[in-house]
>>> print(open('coords.pdb').read())   # PDB, C-alpha atoms and all ligand atoms
ATOM      1  CA  MET Y 178     166.707  75.123 111.548
ATOM      2  CA  ASN Y 179     169.087  75.863 108.707
ATOM      3  CA  LYS Y 180     167.850  77.042 105.359
ATOM      4  CA  ILE Y 181     168.167  74.597 102.465
ATOM      5  CA  VAL Y 182     166.540  76.386  99.538
ATOM      6  CA  LEU Y 183     167.547  80.023  99.189
ATOM      7  CA  ILE Y 184     165.518  82.018  96.674
ATOM      8  CA  ASN Y 185     166.536  85.530  95.699
ATOM      9  CA  GLU Y 186     163.187  87.124  94.912
ATOM     10  CA  ASP Y 187     164.891  90.222  93.535
ATOM     11  CA  LEU Y 188     166.360  88.088  90.745
ATOM     12  CA  CYS Y 189     163.417  85.709  90.156
ATOM     13  CA  ILE Y 190     161.413  86.428  86.998
ATOM     14  CA  GLY Y 191     158.660  83.914  87.821
ATOM     15  CA  CYS Y 192     159.315  81.719  84.794
ATOM     16  CA  ALA Y 193     158.412  78.518  86.735
ATOM     17  CA  GLU Y 194     161.216  76.474  85.145
ATOM     18  CA  CYS Y 195     162.230  75.330  88.625
ATOM     19  CA  VAL Y 196     158.631  74.615  89.637
ATOM     20  CA  ASN Y 197     158.139  72.312  86.660
ATOM     21  CA  LEU Y 198     161.435  70.535  87.221
ATOM     22  CA  CYS Y 199     161.359  69.958  90.986
ATOM     23  CA  PRO Y 200     160.834  66.211  91.620
ATOM     24  CA  LYS Y 201     159.580  66.880  95.140
ATOM     25  CA  LYS Y 202     156.982  69.477  94.038
ATOM     26  CA  ILE Y 203     158.013  71.883  96.784
ATOM     27  CA  LEU Y 204     158.501  74.970  94.617
ATOM     28  CA  TYR Y 205     155.616  77.191  93.521
ATOM     29  CA  ILE Y 206     154.925  80.637  92.124
ATOM     30  CA  ASP Y 207     153.340  82.946  94.693
ATOM     31  CA  ALA Y 208     150.020  84.200  93.326
ATOM     32  CA  ASP Y 209     150.562  87.724  94.665
ATOM     33  CA  THR Y 210     154.245  88.384  94.079
ATOM     34  CA  LYS Y 211     154.661  86.117  90.971
ATOM     35  CA  LYS Y 212     157.951  85.007  92.494
ATOM     36  CA  CYS Y 213     159.151  81.506  93.347
ATOM     37  CA  LYS Y 214     158.693  80.211  96.855
ATOM     38  CA  VAL Y 215     159.387  76.932  98.637
ATOM     39  CA  SER Y 216     156.767  75.077 100.654
ATOM     40  CA  ASP Y 217     158.461  72.286 102.617
ATOM     41  CA  GLU Y 218     162.187  72.556 102.061
ATOM     42  CA  ASN Y 219     162.847  69.619 104.382
ATOM     43  CA  LYS Y 220     161.664  67.420 101.509
ATOM     44  CA  CYS Y 221     164.373  68.817  99.222
ATOM     45  CA  ASP Y 222     166.655  66.199  97.651
ATOM     46  CA  LYS Y 223     169.520  68.755  97.507
ATOM     47  CA  ARG Y 224     170.423  67.654  93.991
ATOM     48  CA  ALA Y 225     170.187  71.286  92.879
ATOM     49  CA  GLY Y 226     168.185  70.708  89.718
ATOM     50  CA  CYS Y 227     166.365  73.977  90.316
ATOM     51  CA  GLN Y 228     169.607  75.843  90.886
ATOM     52  CA  ASN Y 229     170.968  74.581  87.579
ATOM     53  CA  VAL Y 230     167.833  75.259  85.524
ATOM     54  CA  CYS Y 231     167.127  78.783  86.768
ATOM     55  CA  PRO Y 232     167.994  81.209  83.942
ATOM     56  CA  VAL Y 233     168.792  84.062  86.310
ATOM     57  CA  LYS Y 234     170.580  82.079  89.050
ATOM     58  CA  ALA Y 235     167.994  83.019  91.665
ATOM     59  CA  ILE Y 236     168.158  79.733  93.603
ATOM     60  CA  LYS Y 237     170.924  78.385  95.770
ATOM     61  CA  ILE Y 238     170.772  74.976  97.448
ATOM     62  CA  ILE Y 239     172.671  74.722 100.708
ATOM     63  CA  LYS Y 240     174.075  71.195 100.935
TER
HETATM   64  S1  LIG Z   1     167.102  70.801  94.847
HETATM   65 FE1  LIG Z   1     165.649  69.464  93.807
HETATM   66  S2  LIG Z   1     164.109  68.871  95.325
HETATM   67 FE2  LIG Z   1     165.229  70.650  96.125
HETATM   68  S3  LIG Z   1     163.952  72.396  95.549
HETATM   69 FE3  LIG Z   1     165.523  72.110  93.941
HETATM   70  S4  LIG Z   1     164.587  70.810  92.376
HETATM   71 FE4  LIG Z   1     163.333  70.667  94.246
HETATM   72  S1  LIG Z   2     163.605  79.212  87.572
HETATM   73 FE1  LIG Z   2     164.478  80.970  88.663
HETATM   74  S2  LIG Z   2     163.500  82.740  87.715
HETATM   75 FE2  LIG Z   2     162.269  80.965  87.165
HETATM   76  S3  LIG Z   2     160.659  80.861  88.744
HETATM   77 FE3  LIG Z   2     162.371  79.557  89.421
HETATM   78  S4  LIG Z   2     163.627  80.890  90.722
HETATM   79 FE4  LIG Z   2     162.286  82.201  89.535
END
>>> encode(input="coords.pdb", output="structure tokens", more="lines below")
Ligand code: SF4
Ligand code: SF4
Amino acid sequence: MNKIVLINEDLCIGCAECVNLCPKKILYIDADTKKCKVSDENKCDKRAGCQNVCPVKAIKIIK
């Protein structure tokens, strides 16, 4: 299965901007790493709201 939501954890600062914005509620901050993760990316709408809101460009949506 192809990846849809690519998250660069090296860049992520755990600000949760993407988590709060995601209409599908599939992004979350990992309690241990404090980095963004995706739960069920098959629910992604691919509209790239998270990609656009991320201040450090840590998310890429593969359309
Ligand atoms: S593209 Fe949209 S639905 Fe998919 S993870 Fe980003 S904000 Fe959520
Ligand atoms: S908006 Fe970017 S930096 Fe903030 S939690 Fe999401 S991926 Fe990480």
>>> resolve_selection(input="coords.pdb", expression="the PyMOL selection byres (((chain Y and resi 198) around 12) and not hetatm)", output="PyMOL selection string")
chain Y and resi 192-197+199-205+224-231
>>> residues_near_point(input="coords.pdb", point="(166.9, 76.7, 105.3)", cutoff="10 Å", atoms="all atoms listed in the file", output="PyMOL selection string")
chain Y and resi 178-183+217-219+238-239
>>> write_last_selection(input="coords.pdb", atoms="C-alpha atoms", output="tab-separated table (two decimals), in the coordinates of the input")
chain	number	residue	atom	x	y	z
Y	178	MET	CA	166.71	75.12	111.55
Y	179	ASN	CA	169.09	75.86	108.71
Y	180	LYS	CA	167.85	77.04	105.36
Y	181	ILE	CA	168.17	74.60	102.46
Y	182	VAL	CA	166.54	76.39	99.54
Y	183	LEU	CA	167.55	80.02	99.19
Y	217	ASP	CA	158.46	72.29	102.62
Y	218	GLU	CA	162.19	72.56	102.06
Y	219	ASN	CA	162.85	69.62	104.38
Y	238	ILE	CA	170.77	74.98	97.45
Y	239	ILE	CA	172.67	74.72	100.71
>>> closest_residue(input="coords.pdb", among="Y:Lys240, Y:Lys234, Y:Gly191, Y:Lys223", to="ligand LIG 1 (chain Z)", atoms="all atoms listed in the file")
Y:Lys223
>>> axis_aligned_box(input="coords.pdb", around="stretch 194-213 of chain Y", padding_each_side="4 Å", output="lines of an AutoDock Vina configuration file")
center_x = 156.1
center_y = 77.3
center_z = 91.0
size_x = 20.2
size_y = 30.2
size_z = 19.6
>>> resolve_selection(input="coords.pdb", expression="the PyMOL selection byres (((chain Y and resi 214) around 9) and not hetatm)", output="compact mmCIF listing (two decimals) with C-alpha atoms, in the frame of the given file")
# COMPACT_ATOMS: atom_id res chain seq x y z
CA ILE Y 184 165.52 82.02 96.67
CA GLU Y 186 163.19 87.12 94.91
CA ILE Y 203 158.01 71.88 96.78
CA LEU Y 204 158.50 74.97 94.62
CA TYR Y 205 155.62 77.19 93.52
CA ILE Y 206 154.93 80.64 92.12
CA ASP Y 207 153.34 82.95 94.69
CA LYS Y 212 157.95 85.01 92.49
CA CYS Y 213 159.15 81.51 93.35
CA VAL Y 215 159.39 76.93 98.64
CA SER Y 216 156.77 75.08 100.65
>>> atom_distance(input="coords.pdb", atom1="atom CA of Y:Lys220", atom2="atom CA of Y:Asp187")
24.4 Å
>>> closest_residue(input="coords.pdb", among="Y:Asp209, Y:Asn185, Y:Ile190, Y:Lys237", to="ligand LIG 2 (chain Z)", atoms="only C-alpha atoms and all ligand atoms")
Y:Ile190
